[in-house]
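Colleague: Here you go, coords35.pdb (PDB, C-alpha atoms):
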ATOM      1  CA  MET M   1     123.141 178.492 262.900
ATOM      2  CA  ASP M   2     121.417 179.910 259.835
ATOM      3  CA  SER M   3     117.664 179.945 259.358
ATOM      4  CA  LEU M   4     117.482 176.829 257.188
ATOM      5  CA  HIS M   5     119.436 174.733 259.680
ATOM      6  CA  ALA M   6     117.426 176.188 262.556
ATOM      7  CA  ILE M   7     114.108 175.340 260.874
ATOM      8  CA  GLY M   8     115.387 171.819 260.198
ATOM      9  CA  PHE M   9     116.432 171.572 263.818
ATOM     10  CA  TYR M  10     113.046 172.596 265.202
ATOM     11  CA  VAL M  11     111.114 170.396 262.756
ATOM     12  CA  SER M  12     113.330 167.424 263.626
ATOM     13  CA  ALA M  13     112.924 168.142 267.346
ATOM     14  CA  THR M  14     109.130 168.153 266.953
ATOM     15  CA  ILE M  15     109.201 164.888 264.995
ATOM     16  CA  SER M  16     111.502 163.138 267.475
ATOM     17  CA  VAL M  17     109.672 164.187 270.646
ATOM     18  CA  GLY M  18     106.285 163.620 268.993
ATOM     19  CA  GLY M  19     107.379 160.165 267.890
ATOM     20  CA  GLY M  20     108.504 159.417 271.434
ATOM     21  CA  LEU M  21     105.177 160.513 272.908
ATOM     22  CA  ALA M  22     103.294 158.508 270.271
ATOM     23  CA  LEU M  23     105.459 155.552 271.237
ATOM     24  CA  ALA M  24     104.214 155.857 274.802
ATOM     25  CA  PHE M  25     100.526 156.095 274.000
ATOM     26  CA  LEU M  26      99.954 154.075 270.817
ATOM     27  CA  PRO M  27      98.796 150.490 271.290
ATOM     28  CA  GLY M  28      99.944 147.652 269.053
ATOM     29  CA  ARG M  29     103.368 146.625 267.882
ATOM     30  CA  GLY M  30     103.162 147.951 264.353
ATOM     31  CA  SER M  31     102.185 151.457 265.408
ATOM     32  CA  ARG M  32     104.907 151.430 268.075
ATOM     33  CA  GLY M  33     107.465 150.474 265.435
ATOM     34  CA  VAL M  34     106.301 153.301 263.166
ATOM     35  CA  ALA M  35     106.459 155.760 266.081
ATOM     36  CA  LEU M  36     109.990 154.661 266.990
ATOM     37  CA  ALA M  37     111.060 154.931 263.345
ATOM     38  CA  ALA M  38     109.624 158.470 263.245
ATOM     39  CA  GLY M  39     111.493 159.321 266.429
ATOM     40  CA  GLY M  40     114.692 157.937 264.912
ATOM     41  CA  LEU M  41     114.112 159.981 261.765
ATOM     42  CA  GLY M  42     113.764 163.094 263.908
ATOM     43  CA  ILE M  43     116.925 162.293 265.857
ATOM     44  CA  ALA M  44     118.835 161.735 262.605
ATOM     45  CA  GLY M  45     117.547 165.113 261.406
ATOM     46  CA  LEU M  46     118.743 166.702 264.642
ATOM     47  CA  TYR M  47     122.206 165.244 264.095
ATOM     48  CA  LEU M  48     122.206 166.484 260.514
ATOM     49  CA  SER M  49     121.242 170.009 261.521
ATOM     50  CA  LEU M  50     124.030 169.925 264.131
ATOM     51  CA  SER M  51     126.588 169.152 261.392
ATOM     52  CA  ALA M  52     126.934 165.528 262.513
ATOM     53  CA  GLY M  53     125.786 163.897 259.283
ATOM     54  CA  PHE M  54     127.689 160.653 259.777
ATOM     55  CA  ALA M  55     126.132 160.150 263.214
ATOM     56  CA  GLY M  56     122.773 160.877 261.584
ATOM     57  CA  LEU M  57     123.273 158.101 259.043
ATOM     58  CA  VAL M  58     124.275 155.652 261.788
ATOM     59  CA  ALA M  59     121.273 156.700 263.880
ATOM     60  CA  LEU M  60     118.905 156.242 260.940
ATOM     61  CA  VAL M  61     120.066 152.651 260.390
ATOM     62  CA  CYS M  62     120.124 151.738 264.096
ATOM     63  CA  TYR M  63     116.701 153.214 264.866
ATOM     64  CA  ALA M  64     115.223 151.414 261.876
ATOM     65  CA  GLY M  65     116.682 148.201 263.351
ATOM     66  CA  CYS M  66     115.195 148.991 266.759
ATOM     67  CA  ALA M  67     111.807 149.678 265.157
ATOM     68  CA  LEU M  68     111.932 146.384 263.246
ATOM     69  CA  LEU M  69     112.867 144.474 266.413
ATOM     70  CA  LEU M  70     110.116 146.031 268.509
ATOM     71  CA  SER M  71     107.432 145.663 265.849
ATOM     72  CA  ALA M  72     108.163 141.959 265.342
ATOM     73  CA  LYS M  73     105.226 139.668 266.021
ATOM     74  CA  HIS M  74     106.902 136.850 267.864
ATOM     75  CA  TYR M  75     108.449 138.251 271.009
ATOM     76  CA  ARG M  76     106.906 137.469 274.356
ATOM     77  CA  VAL M  77     104.837 140.045 276.231
ATOM     78  CA  ILE M  78     105.944 140.444 279.841
ATOM     79  CA  ASP M  79     103.282 142.291 281.792
ATOM     80  CA  THR M  80     104.187 143.953 285.048
ATOM     81  CA  SER M  81     101.928 143.522 288.022
ATOM     82  CA  GLU M  82     102.321 147.119 289.164
ATOM     83  CA  GLY M  83      99.207 149.211 289.450
ATOM     84  CA  PRO M  84      98.509 152.569 287.811
ATOM     85  CA  VAL M  85      99.876 154.463 290.801
ATOM     86  CA  TRP M  86     103.440 153.370 290.095
ATOM     87  CA  ARG M  87     103.105 154.171 286.406
ATOM     88  CA  GLN M  88     101.813 157.626 287.254
ATOM     89  CA  ALA M  89     104.647 158.068 289.715
ATOM     90  CA  GLY M  90     107.064 157.140 286.929
ATOM     91  CA  ALA M  91     105.436 159.715 284.635
ATOM     92  CA  VAL M  92     105.749 162.402 287.302
ATOM     93  CA  ALA M  93     109.394 161.409 287.841
ATOM     94  CA  ALA M  94     110.038 161.740 284.074
ATOM     95  CA  ALA M  95     108.450 165.208 284.129
ATOM     96  CA  ALA M  96     110.612 166.151 287.119
ATOM     97  CA  LEU M  97     113.681 164.883 285.258
ATOM     98  CA  PHE M  98     112.793 167.108 282.305
ATOM     99  CA  ALA M  99     112.278 170.077 284.598
ATOM    100  CA  ILE M 100     115.672 169.560 286.257
ATOM    101  CA  LEU M 101     117.515 169.102 282.948
ATOM    102  CA  ALA M 102     115.753 172.078 281.347
ATOM    103  CA  TYR M 103     116.524 174.261 284.364
ATOM    104  CA  ALA M 104     120.184 173.199 284.216
ATOM    105  CA  ALA M 105     120.279 174.054 280.504
ATOM    106  CA  TRP M 106     118.546 177.391 281.037
ATOM    107  CA  ARG M 107     120.680 178.506 283.958
ATOM    108  CA  GLY M 108     123.960 177.172 282.597
ATOM    109  CA  ASP M 109     126.651 179.754 281.965
ATOM    110  CA  PHE M 110     127.813 178.766 278.493
ATOM    111  CA  PHE M 111     130.354 180.579 276.435
ATOM    112  CA  HIS M 112     128.758 181.607 273.139
ATOM    113  CA  ALA M 113     130.716 180.207 270.228
ATOM    114  CA  LEU M 114     129.886 179.294 266.662
ATOM    115  CA  TYR M 115     131.390 176.591 264.546
ATOM    116  CA  VAL M 116     130.247 176.079 260.994
ATOM    117  CA  SER M 117     130.757 172.736 259.339
ATOM    118  CA  GLY M 118     128.272 171.439 256.844
ATOM    119  CA  ASP M 119     129.833 168.276 255.481
ATOM    120  CA  ILE M 120     129.155 164.751 256.669
ATOM    121  CA  GLY M 121     132.736 164.307 257.847
ATOM    122  CA  SER M 122     132.842 160.522 257.599
ATOM    123  CA  ALA M 123     136.599 160.487 256.877
ATOM    124  CA  SER M 124     137.558 162.463 259.964
ATOM    125  CA  ILE M 125     135.079 160.569 262.168
ATOM    126  CA  GLY M 126     136.417 157.296 260.772
ATOM    127  CA  ARG M 127     139.980 158.330 261.569
ATOM    128  CA  LEU M 128     138.874 159.189 265.094
ATOM    129  CA  LEU M 129     136.941 155.938 265.520
ATOM    130  CA  PHE M 130     139.495 153.533 264.091
ATOM    131  CA  ALA M 131     142.791 155.264 264.910
ATOM    132  CA  HIS M 132     142.508 157.604 267.871
ATOM    133  CA  ASP M 133     139.729 155.896 269.856
ATOM    134  CA  ALA M 134     140.024 152.392 268.466
ATOM    135  CA  LEU M 135     139.648 150.844 271.927
ATOM    136  CA  ALA M 136     136.249 152.478 272.450
ATOM    137  CA  THR M 137     135.110 151.311 269.017
ATOM    138  CA  GLU M 138     136.271 147.784 269.773
ATOM    139  CA  ALA M 139     134.457 147.881 273.116
ATOM    140  CA  VAL M 140     131.224 148.882 271.404
ATOM    141  CA  GLY M 141     131.781 146.197 268.774
ATOM    142  CA  ALA M 142     132.320 143.587 271.499
ATOM    143  CA  LEU M 143     129.145 144.771 273.242
ATOM    144  CA  VAL M 144     127.151 144.470 270.029
ATOM    145  CA  LEU M 145     128.583 141.014 269.316
ATOM    146  CA  ALA M 146     127.879 139.785 272.860
ATOM    147  CA  ALA M 147     124.373 141.244 272.812
ATOM    148  CA  LEU M 148     123.490 139.721 269.451
ATOM    149  CA  ALA M 149     125.028 136.336 270.315
ATOM    150  CA  GLY M 150     123.271 136.296 273.698
ATOM    151  CA  ALA M 151     119.970 137.349 272.182
ATOM    152  CA  THR M 152     120.200 134.677 269.494
ATOM    153  CA  ALA M 153     121.121 131.968 272.004
ATOM    154  CA  MET M 154     118.286 132.880 274.355
ATOM    155  CA  TRP M 155     115.798 133.217 271.519
ATOM    156  CA  ARG M 156     116.662 129.791 270.150
ATOM    157  CA  GLY M 157     116.837 128.174 273.582
ATOM    158  CA  ARG M 158     113.423 129.420 274.670
ATOM    159  CA  GLY M 159     111.911 128.541 271.320
ATOM    160  CA  ARG M 160     113.216 124.987 271.599
ATOM    161  CA  GLY M 161     111.824 124.627 275.109
ATOM    162  CA  ARG M 162     108.234 125.257 274.027
TER     163      ARG M 162
ATOM    164  CA  MET P   1     117.477 188.975 251.111
ATOM    165  CA  ALA P   2     115.703 189.419 254.416
ATOM    166  CA  ARG P   3     113.146 192.178 254.666
ATOM    167  CA  ALA P   4     113.811 195.093 256.950
ATOM    168  CA  GLY P   5     112.508 194.329 260.419
ATOM    169  CA  SER P   6     112.301 190.578 259.871
ATOM    170  CA  ARG P   7     114.110 188.290 262.294
ATOM    171  CA  SER P   8     115.980 185.178 261.262
ATOM    172  CA  VAL P   9     115.223 181.865 262.954
ATOM    173  CA  SER P  10     118.109 180.594 265.051
ATOM    174  CA  ALA P  11     118.823 177.771 267.453
ATOM    175  CA  GLY P  12     121.514 177.970 270.097
ATOM    176  CA  PHE P  13     123.143 175.617 272.524
ATOM    177  CA  VAL P  14     120.402 176.047 275.135
ATOM    178  CA  ALA P  15     117.781 174.986 272.576
ATOM    179  CA  VAL P  16     119.839 171.886 271.783
ATOM    180  CA  LEU P  17     120.059 171.019 275.472
ATOM    181  CA  PHE P  18     116.304 171.567 275.859
ATOM    182  CA  VAL P  19     115.591 169.107 273.048
ATOM    183  CA  ALA P  20     118.084 166.625 274.489
ATOM    184  CA  ALA P  21     116.425 166.912 277.910
ATOM    185  CA  ALA P  22     113.004 166.419 276.315
ATOM    186  CA  LEU P  23     114.199 163.278 274.537
ATOM    187  CA  VAL P  24     115.739 161.812 277.702
ATOM    188  CA  ALA P  25     112.582 162.573 279.700
ATOM    189  CA  THR P  26     110.356 161.136 276.938
ATOM    190  CA  GLY P  27     112.409 157.935 276.937
ATOM    191  CA  ALA P  28     112.145 157.690 280.718
ATOM    192  CA  PHE P  29     108.406 158.299 280.421
ATOM    193  CA  VAL P  30     108.028 155.518 277.830
ATOM    194  CA  ALA P  31     110.002 153.135 280.035
ATOM    195  CA  ALA P  32     107.844 153.983 283.060
ATOM    196  CA  TRP P  33     104.482 154.142 281.309
ATOM    197  CA  LYS P  34     104.501 150.935 279.301
ATOM    198  CA  ARG P  35     102.943 147.987 281.091
ATOM    199  CA  ASP P  36     104.680 145.496 278.817
ATOM    200  CA  LEU P  37     108.374 145.324 279.735
ATOM    201  CA  THR P  38     109.446 144.421 276.211
ATOM    202  CA  ALA P  39     107.638 147.466 274.833
ATOM    203  CA  ALA P  40     109.196 149.555 277.589
ATOM    204  CA  LEU P  41     112.554 148.766 275.992
ATOM    205  CA  ALA P  42     111.608 151.318 273.321
ATOM    206  CA  GLY P  43     112.431 154.047 275.807
ATOM    207  CA  LEU P  44     116.115 153.130 275.727
ATOM    208  CA  PRO P  45     116.841 154.400 272.190
ATOM    209  CA  LEU P  46     115.152 157.695 273.017
ATOM    210  CA  ILE P  47     117.277 158.148 276.154
ATOM    211  CA  PHE P  48     120.427 157.328 274.200
ATOM    212  CA  GLY P  49     119.277 159.621 271.399
ATOM    213  CA  GLY P  50     118.871 162.498 273.844
ATOM    214  CA  ALA P  51     122.373 161.933 275.171
ATOM    215  CA  GLY P  52     123.693 161.797 271.609
ATOM    216  CA  VAL P  53     121.982 165.078 270.701
ATOM    217  CA  ALA P  54     123.621 166.716 273.723
ATOM    218  CA  PHE P  55     127.040 165.377 272.664
ATOM    219  CA  ALA P  56     126.527 166.535 269.066
ATOM    220  CA  GLY P  57     125.428 169.950 270.335
ATOM    221  CA  VAL P  58     128.532 170.304 272.476
ATOM    222  CA  SER P  59     130.590 169.332 269.440
ATOM    223  CA  ARG P  60     128.732 171.857 267.257
ATOM    224  CA  PHE P  61     128.960 174.822 269.611
ATOM    225  CA  ALA P  62     132.319 174.142 271.247
ATOM    226  CA  ALA P  63     134.566 177.151 271.625
ATOM    227  CA  THR P  64     137.719 175.751 270.065
ATOM    228  CA  SER P  65     139.427 176.705 266.869
ATOM    229  CA  ALA P  66     139.649 173.152 265.482
ATOM    230  CA  PRO P  67     136.447 171.173 264.817
ATOM    231  CA  PRO P  68     135.961 168.969 267.897
ATOM    232  CA  LEU P  69     134.795 165.606 266.647
ATOM    233  CA  PHE P  70     134.653 163.723 269.923
ATOM    234  CA  GLY P  71     130.990 164.590 270.469
ATOM    235  CA  GLN P  72     130.099 163.403 266.983
ATOM    236  CA  GLU P  73     131.993 160.184 267.614
ATOM    237  CA  VAL P  74     130.016 159.476 270.793
ATOM    238  CA  ALA P  75     126.813 160.460 269.004
ATOM    239  CA  ALA P  76     127.608 157.863 266.327
ATOM    240  CA  LEU P  77     128.360 155.125 268.871
ATOM    241  CA  LEU P  78     125.325 155.633 271.114
ATOM    242  CA  PRO P  79     122.666 154.424 268.583
ATOM    243  CA  VAL P  80     124.721 151.250 268.031
ATOM    244  CA  VAL P  81     124.739 150.596 271.788
ATOM    245  CA  ALA P  82     120.981 151.265 271.930
ATOM    246  CA  LEU P  83     120.356 148.780 269.116
ATOM    247  CA  ALA P  84     122.474 146.149 270.892
ATOM    248  CA  LEU P  85     120.592 146.624 274.167
ATOM    249  CA  VAL P  86     117.184 146.423 272.471
ATOM    250  CA  ALA P  87     118.257 143.241 270.652
ATOM    251  CA  LEU P  88     119.454 141.757 273.937
ATOM    252  CA  GLY P  89     116.219 142.694 275.694
ATOM    253  CA  VAL P  90     114.039 141.213 272.954
ATOM    254  CA  GLY P  91     116.210 138.087 273.012
ATOM    255  CA  ILE P  92     115.863 137.759 276.775
ATOM    256  CA  ALA P  93     112.091 138.148 276.488
ATOM    257  CA  GLY P  94     112.036 135.268 274.028
ATOM    258  CA  ARG P  95     109.279 134.058 271.802
ATOM    259  CA  GLY P  96     105.640 134.254 272.700
ATOM    260  CA  THR P  97     102.176 134.835 271.415
ATOM    261  CA  PRO P  98     101.668 138.060 269.467
ATOM    262  CA  ARG P  99      99.443 140.759 270.926
TER     263      ARG P  99
END
Mind converting the file's structure to structure tokens?
Modeller:
Amino acid sequence: MDSLHAIGFYVSATISVGGGLALAFLPGRGSRGVALAAGGLGIAGLYLSLSAGFAGLVALVCYAGCALLLSAKHYRVIDTSEGPVWRQAGAVAAAALFAILAYAAWRGDFFHALYVSGDIGSASIGRLLFAHDALATEAVGALVLAALAGATAMWRGRGRGR
Amino acid sequence: MARAGSRSVSAGFVAVLFVAAALVATGAFVAAWKRDLTAALAGLPLIFGGAGVAFAGVSRFAATSAPPLFGQEVAALLPVVALALVALGVGIAGRGTPR
């Protein structure tokens, strides 16, 4: 990886992890949406610096959709009754998860190889998605359709009941 | 041209896996830390994003002669799945008063 790609990688990593941490601590829906959009921008930048430009474009659109959904004003707030001890235990568990994954990455015995590809590669990814792995693409499409149809039905049903 | 004695910035596979691990752990932290369950859904895209970065990194640094695109394919599908799950979660939560 050359210096320009490496700098882009580290900047994108900082933006994505920083956006995620801001997402955890910022109050309010609008600020959470902005933080998630920043995290998505960082993740798209990571994909781009890893020569996966098409995945970066898809991520940019999908994370913008997630940010719009989660910053909407009309969804219901469901508060949990758990005390701060369980939340702190969850935070410690997340830190332990990071430690385990980072240790596995650090101690892993990886063969050092370099592959240089700078283009977006939408044609080859499209061939893979719609010809070689068409079943997986259809499964994801069915999941998206079911999720959107279910979400719409529940949203309308609960709205009518009020 | 680089000056004599200067070092170029580089990022390897271990750095990619570190960032992926940080994203997965940050998503898990968001999901555990948020008191509001609907807001905790925001951790899901981060977890999926971390997995996607790991897949894209494997695809980028794979030791094969031909460009392996499978990792990029999974990395492109994971954000779509994350968006679908967030939409489903927000739909299940339903309408309510803004806060």
Colleague: Take the ChimeraX specification (/M :<6) & /P, apply it to the structure above, and return the hits as a ChimeraX atom specification.
Modeller: /P:8-11,14,17-18,21,25,28-30,32-33,35-37,60-61,63,72,75-76,79,83-84,88,91-96,98
Colleague: Could you tell me how far CA of Leu41 in chain P sits from CA of Gly30 in chain M, in Å to one decimal place?
Modeller: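 Spanning CA of Gly30 in chain M to CA of Leu41 in chain P is a straight-line distance of 15.0 Å.
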Colleague: What is the CA of Val11 in chain M-CA of Val80 in chain P distance in Å, reported with one decimal?
Modeller: 24.1 Å
Colleague: Distance CA of Lys34 in chain P-CA of Ser31 in chain M, one decimal place?
Modeller: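 CA of Lys34 in chain P sits 14.1 Å away from CA of Ser31 in chain M.
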Colleague: So which residues are close to (129.0, 162.7, 273.2), meaning at most 9 Å away in the file's coordinates with only C-alpha atoms counted, and can you show them as a CSV table (one decimal) with C-alpha atoms, in the coordinates of the input?
Modeller:
chain,number,residue,atom,x,y,z
P,51,ALA,CA,122.4,161.9,275.2
P,52,GLY,CA,123.7,161.8,271.6
P,53,VAL,CA,122.0,165.1,270.7
P,54,ALA,CA,123.6,166.7,273.7
P,55,PHE,CA,127.0,165.4,272.7
P,56,ALA,CA,126.5,166.5,269.1
P,57,GLY,CA,125.4,170.0,270.3
P,58,VAL,CA,128.5,170.3,272.5
P,59,SER,CA,130.6,169.3,269.4
P,70,PHE,CA,134.7,163.7,269.9
P,71,GLY,CA,131.0,164.6,270.5
P,72,GLN,CA,130.1,163.4,267.0
P,73,GLU,CA,132.0,160.2,267.6
P,74,VAL,CA,130.0,159.5,270.8
P,75,ALA,CA,126.8,160.5,269.0
P,76,ALA,CA,127.6,157.9,266.3
P,77,LEU,CA,128.4,155.1,268.9
P,78,LEU,CA,125.3,155.6,271.1
Colleague: Need the axis-aligned box for range 70-77 of chain P with 4 Å each side, so what are the centre and edges in Å to one decimal, as lines of an AutoDock Vina configuration file?
Modeller:
center_x = 130.7
center_y = 159.9
center_z = 268.6
size_x = 15.8
size_y = 17.5
size_z = 12.5
Colleague: Will you model N, CA and C atoms for range 24-50 of chain P and pass it back as a JSON list (two decimals), keeping the file's coordinate frame?
Modeller:
[["chain", "number", "residue", "atom", "x", "y", "z"],
["P", 24, "VAL", "N", 115.41, 162.69, 276.57],
["P", 24, "VAL", "CA", 115.74, 161.81, 277.70],
["P", 24, "VAL", "C", 114.50, 161.60, 278.58],
["P", 25, "ALA", "N", 113.78, 162.69, 278.86],
["P", 25, "ALA", "CA", 112.58, 162.57, 279.70],
["P", 25, "ALA", "C", 111.49, 161.77, 279.00],
["P", 26, "THR", "N", 111.36, 161.92, 277.67],
["P", 26, "THR", "CA", 110.36, 161.14, 276.94],
["P", 26, "THR", "C", 110.70, 159.65, 276.98],
["P", 27, "GLY", "N", 112.00, 159.34, 276.84],
["P", 27, "GLY", "CA", 112.41, 157.94, 276.94],
["P", 27, "GLY", "C", 112.14, 157.36, 278.31],
["P", 28, "ALA", "N", 112.43, 158.15, 279.35],
["P", 28, "ALA", "CA", 112.14, 157.69, 280.72],
["P", 28, "ALA", "C", 110.64, 157.51, 280.91],
["P", 29, "PHE", "N", 109.86, 158.41, 280.32],
["P", 29, "PHE", "CA", 108.41, 158.30, 280.42],
["P", 29, "PHE", "C", 107.90, 157.03, 279.73],
["P", 30, "VAL", "N", 108.43, 156.75, 278.54],
["P", 30, "VAL", "CA", 108.03, 155.52, 277.83],
["P", 30, "VAL", "C", 108.38, 154.29, 278.67],
["P", 31, "ALA", "N", 109.58, 154.29, 279.24],
["P", 31, "ALA", "CA", 110.00, 153.14, 280.04],
["P", 31, "ALA", "C", 109.14, 152.97, 281.28],
["P", 32, "ALA", "N", 108.66, 154.08, 281.85],
["P", 32, "ALA", "CA", 107.84, 153.98, 283.06],
["P", 32, "ALA", "C", 106.38, 153.71, 282.75],
["P", 33, "TRP", "N", 105.92, 154.18, 281.59],
["P", 33, "TRP", "CA", 104.48, 154.14, 281.31],
["P", 33, "TRP", "C", 104.03, 152.82, 280.72],
["P", 34, "LYS", "N", 104.90, 152.16, 279.98],
["P", 34, "LYS", "CA", 104.50, 150.94, 279.30],
["P", 34, "LYS", "C", 104.33, 149.80, 280.30],
["P", 35, "ARG", "N", 103.20, 149.11, 280.19],
["P", 35, "ARG", "CA", 102.94, 147.99, 281.09],
["P", 35, "ARG", "C", 103.75, 146.76, 280.66],
["P", 36, "ASP", "N", 103.91, 146.62, 279.36],
["P", 36, "ASP", "CA", 104.68, 145.50, 278.82],
["P", 36, "ASP", "C", 106.18, 145.84, 278.87],
["P", 37, "LEU", "N", 106.96, 145.00, 279.55],
["P", 37, "LEU", "CA", 108.37, 145.32, 279.74],
["P", 37, "LEU", "C", 109.14, 145.32, 278.42],
["P", 38, "THR", "N", 108.75, 144.45, 277.50],
["P", 38, "THR", "CA", 109.45, 144.42, 276.21],
["P", 38, "THR", "C", 109.17, 145.70, 275.42],
["P", 39, "ALA", "N", 107.95, 146.20, 275.51],
["P", 39, "ALA", "CA", 107.64, 147.47, 274.83],
["P", 39, "ALA", "C", 108.31, 148.63, 275.54],
["P", 40, "ALA", "N", 108.52, 148.48, 276.85],
["P", 40, "ALA", "CA", 109.20, 149.56, 277.59],
["P", 40, "ALA", "C", 110.64, 149.71, 277.16],
["P", 41, "LEU", "N", 111.19, 148.67, 276.52],
["P", 41, "LEU", "CA", 112.55, 148.77, 275.99],
["P", 41, "LEU", "C", 112.69, 149.89, 274.97],
["P", 42, "ALA", "N", 111.57, 150.27, 274.35],
["P", 42, "ALA", "CA", 111.61, 151.32, 273.32],
["P", 42, "ALA", "C", 112.03, 152.66, 273.89],
["P", 43, "GLY", "N", 111.96, 152.79, 275.21],
["P", 43, "GLY", "CA", 112.43, 154.05, 275.81],
["P", 43, "GLY", "C", 113.94, 154.20, 275.77],
["P", 44, "LEU", "N", 114.64, 153.07, 275.71],
["P", 44, "LEU", "CA", 116.12, 153.13, 275.73],
["P", 44, "LEU", "C", 116.70, 153.91, 274.55],
["P", 45, "PRO", "N", 116.27, 153.63, 273.29],
["P", 45, "PRO", "CA", 116.84, 154.40, 272.19],
["P", 45, "PRO", "C", 116.58, 155.90, 272.29],
["P", 46, "LEU", "N", 115.42, 156.26, 272.87],
["P", 46, "LEU", "CA", 115.15, 157.70, 273.02],
["P", 46, "LEU", "C", 116.10, 158.33, 274.03],
["P", 47, "ILE", "N", 116.35, 157.61, 275.15],
["P", 47, "ILE", "CA", 117.28, 158.15, 276.15],
["P", 47, "ILE", "C", 118.67, 158.30, 275.55],
["P", 48, "PHE", "N", 119.11, 157.26, 274.83],
["P", 48, "PHE", "CA", 120.43, 157.33, 274.20],
["P", 48, "PHE", "C", 120.46, 158.42, 273.12],
["P", 49, "GLY", "N", 119.35, 158.58, 272.42],
["P", 49, "GLY", "CA", 119.28, 159.62, 271.40],
["P", 49, "GLY", "C", 119.40, 161.01, 272.01],
["P", 50, "GLY", "N", 118.75, 161.21, 273.17],
["P", 50, "GLY", "CA", 118.87, 162.50, 273.84],
["P", 50, "GLY", "C", 120.31, 162.78, 274.26]]
